[in-house]
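Just below is one structure, and these are the notes that go with it.
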Amino acid sequence: MDALMRRGFDDDDREAAPDLNDGSSGYIHAMEALIEEKSLLRKVYAYDVDVKDNCVKDMCLAAADSFYYGGANDFYTLHSVSGSRAVWAILSAVDWPLDVQRNALRALWRTILFTHIARRKSFNFVEEEELQ
């Protein structure tokens with residue numbers, strides 16, 4: 001996961017600065033563009049997570065990497081860190097059925113991944129072997 005998070009921060013991948021007048025520093029526009037572009041959406045889903053025991057810790061670390069490697073000054077990627085830690089705390093404290101836990105973890109991962117891509121505006125995807 002951390003190799004994927006680092007991948008989005010290459011200088012040559014960055015596009016123009018987001019429109020700071022839209023109320024979300026470009027986050028909403030970038031997220032809408034990502035969701036509307038079906039080919040991008042398929043590429044994002046290719047990085048979907050295989051839910052395993054204790055993967056929530058790895059997701060928290062991936063969210064922290066996204067925040068850190070982005071300059072540690074972005075509200076949206078910081079929110080991924082706090083949100084992932086909250087999901088970890090909730091799943092540790094409640095006895096939800098396994099399928100509900102897995103669905104929560106998949107939703108968390110997609111949120112972290114979509115936020116990472118939307119904030120970094122990096123839509124250049126790499127093959128899985130390149131992430132190793």
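Convention: chains lettered A, B, ... in structure tokens order; per-chain residue numbering from 1; ligands numbered from 1 as shown.
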
Polymer residues at most 10 Å from segment 94-106 of chain A, only C-alpha atoms, same-chain spacing of 2 or more positions, as a ChimeraX atom specification: /A:48-53,55-56,59,84,87-92,108-112

What does the file look like for those residues with N, CA and C atoms, as a JSON list (two decimals), in the first residue's frame?
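Everything below was put into result-v6.json:
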```json
[["chain", "number", "residue", "atom", "x", "y", "z"],
["A", 48, "ASP", "N", -8.33, -2.28, -5.74],
["A", 48, "ASP", "CA", -9.18, -2.59, -4.60],
["A", 48, "ASP", "C", -8.46, -3.55, -3.67],
["A", 49, "VAL", "N", -8.83, -3.51, -2.42],
["A", 49, "VAL", "CA", -8.12, -4.25, -1.39],
["A", 49, "VAL", "C", -8.74, -5.63, -1.18],
["A", 50, "ASP", "N", -7.88, -6.59, -0.89],
["A", 50, "ASP", "CA", -8.32, -7.90, -0.46],
["A", 50, "ASP", "C", -8.32, -7.85, 1.06],
["A", 51, "VAL", "N", -9.51, -7.85, 1.65],
["A", 51, "VAL", "CA", -9.63, -7.66, 3.09],
["A", 51, "VAL", "C", -9.08, -8.88, 3.82],
["A", 52, "LYS", "N", -8.09, -8.62, 4.68],
["A", 52, "LYS", "CA", -7.46, -9.67, 5.48],
["A", 52, "LYS", "C", -7.43, -9.21, 6.93],
["A", 53, "ASP", "N", -7.09, -10.13, 7.81],
["A", 53, "ASP", "CA", -6.97, -9.76, 9.22],
["A", 53, "ASP", "C", -5.95, -8.65, 9.39],
["A", 55, "CYS", "N", -5.74, -5.71, 8.30],
["A", 55, "CYS", "CA", -5.40, -4.82, 7.20],
["A", 55, "CYS", "C", -5.79, -3.37, 7.52],
["A", 56, "VAL", "N", -6.62, -3.17, 8.54],
["A", 56, "VAL", "CA", -7.01, -1.80, 8.88],
["A", 56, "VAL", "C", -5.79, -0.99, 9.33],
["A", 59, "MET", "N", -4.12, 0.17, 6.27],
["A", 59, "MET", "CA", -4.89, 1.26, 5.67],
["A", 59, "MET", "C", -4.61, 2.58, 6.39],
["A", 84, "SER", "N", -9.59, 6.78, 9.09],
["A", 84, "SER", "CA", -9.15, 5.38, 9.13],
["A", 84, "SER", "C", -8.88, 4.93, 10.56],
["A", 87, "VAL", "N", -12.27, 4.19, 12.10],
["A", 87, "VAL", "CA", -12.79, 2.88, 11.69],
["A", 87, "VAL", "C", -12.07, 1.77, 12.44],
["A", 88, "TRP", "N", -10.77, 1.90, 12.60],
["A", 88, "TRP", "CA", -9.99, 0.92, 13.36],
["A", 88, "TRP", "C", -10.53, 0.81, 14.79],
["A", 89, "ALA", "N", -10.76, 1.94, 15.44],
["A", 89, "ALA", "CA", -11.28, 1.95, 16.81],
["A", 89, "ALA", "C", -12.67, 1.32, 16.88],
["A", 90, "ILE", "N", -13.51, 1.65, 15.92],
["A", 90, "ILE", "CA", -14.87, 1.11, 15.92],
["A", 90, "ILE", "C", -14.85, -0.40, 15.73],
["A", 91, "LEU", "N", -14.08, -0.87, 14.74],
["A", 91, "LEU", "CA", -14.03, -2.30, 14.49],
["A", 91, "LEU", "C", -13.41, -3.07, 15.64],
["A", 92, "SER", "N", -12.56, -2.42, 16.42],
["A", 92, "SER", "CA", -11.96, -3.06, 17.59],
["A", 92, "SER", "C", -12.93, -3.13, 18.75],
["A", 108, "LEU", "N", -13.65, 2.02, 3.37],
["A", 108, "LEU", "CA", -12.55, 2.84, 3.89],
["A", 108, "LEU", "C", -11.41, 2.92, 2.88],
["A", 109, "TRP", "N", -11.00, 1.77, 2.35],
["A", 109, "TRP", "CA", -9.90, 1.77, 1.40],
["A", 109, "TRP", "C", -10.22, 2.61, 0.16],
["A", 110, "ARG", "N", -11.43, 2.46, -0.37],
["A", 110, "ARG", "CA", -11.80, 3.24, -1.54],
["A", 110, "ARG", "C", -11.79, 4.73, -1.23],
["A", 111, "THR", "N", -12.22, 5.09, -0.04],
["A", 111, "THR", "CA", -12.21, 6.50, 0.37],
["A", 111, "THR", "C", -10.79, 7.03, 0.43],
["A", 112, "ILE", "N", -9.89, 6.26, 1.03],
["A", 112, "ILE", "CA", -8.48, 6.67, 1.12],
["A", 112, "ILE", "C", -7.89, 6.80, -0.28]]
```

Considering only C-alpha atoms, return as a JSON list (two decimals) with N, CA and C atoms, in the first residue's frame whatever protein or nucleic-acid residues lie within 10 Å of Tyr68 of chain A, sequence-local ones (same chain, fewer than 4 positions apart) excluded.
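Here's the written file part_1.json:
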```
[["chain", "number", "residue", "atom", "x", "y", "z"],
["A", 5, "MET", "N", 0.85, 4.66, -2.45],
["A", 5, "MET", "CA", 0.67, 6.02, -1.95],
["A", 5, "MET", "C", 1.82, 6.92, -2.39],
["A", 6, "ARG", "N", 3.03, 6.42, -2.37],
["A", 6, "ARG", "CA", 4.19, 7.21, -2.80],
["A", 6, "ARG", "C", 4.12, 7.50, -4.30],
["A", 62, "ALA", "N", -1.31, 3.70, 5.17],
["A", 62, "ALA", "CA", -1.40, 4.21, 3.80],
["A", 62, "ALA", "C", -1.99, 5.62, 3.80],
["A", 63, "ALA", "N", -3.00, 5.86, 4.62],
["A", 63, "ALA", "CA", -3.58, 7.19, 4.74],
["A", 63, "ALA", "C", -2.55, 8.18, 5.28],
["A", 64, "ALA", "N", -1.77, 7.73, 6.26],
["A", 64, "ALA", "CA", -0.72, 8.59, 6.82],
["A", 64, "ALA", "C", 0.34, 8.90, 5.77],
["A", 72, "ALA", "N", 2.07, 17.09, 4.11],
["A", 72, "ALA", "CA", 1.50, 17.14, 5.47],
["A", 72, "ALA", "C", 0.79, 18.47, 5.73],
["A", 73, "ASN", "N", 0.07, 18.95, 4.71],
["A", 73, "ASN", "CA", -0.65, 20.21, 4.90],
["A", 73, "ASN", "C", -2.01, 20.22, 4.21],
["A", 74, "ASP", "N", -2.60, 19.06, 4.03],
["A", 74, "ASP", "CA", -3.85, 18.96, 3.30],
["A", 74, "ASP", "C", -4.96, 18.40, 4.20],
["A", 77, "THR", "N", -6.54, 14.80, 2.98],
["A", 77, "THR", "CA", -5.74, 13.60, 3.25],
["A", 77, "THR", "C", -5.56, 13.41, 4.76],
["A", 78, "LEU", "N", -5.52, 14.49, 5.52],
["A", 78, "LEU", "CA", -5.48, 14.36, 6.98],
["A", 78, "LEU", "C", -6.76, 13.72, 7.48]]
```

Atom CA of Ala93 of chain A and atom CA of Tyr47 of chain A, how far apart in Å? 28.0 Å

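For the pair atom CA of Ile35 of chain A and atom CA of Gly83 of chain A, the interatomic distance is 20.8 Å.
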
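Using only C-alpha atoms, the smallest distance between any of A:Ala86, A:Cys60, A:Val44, A:Ala30 and Leu113 of chain A comes from A:Val44.
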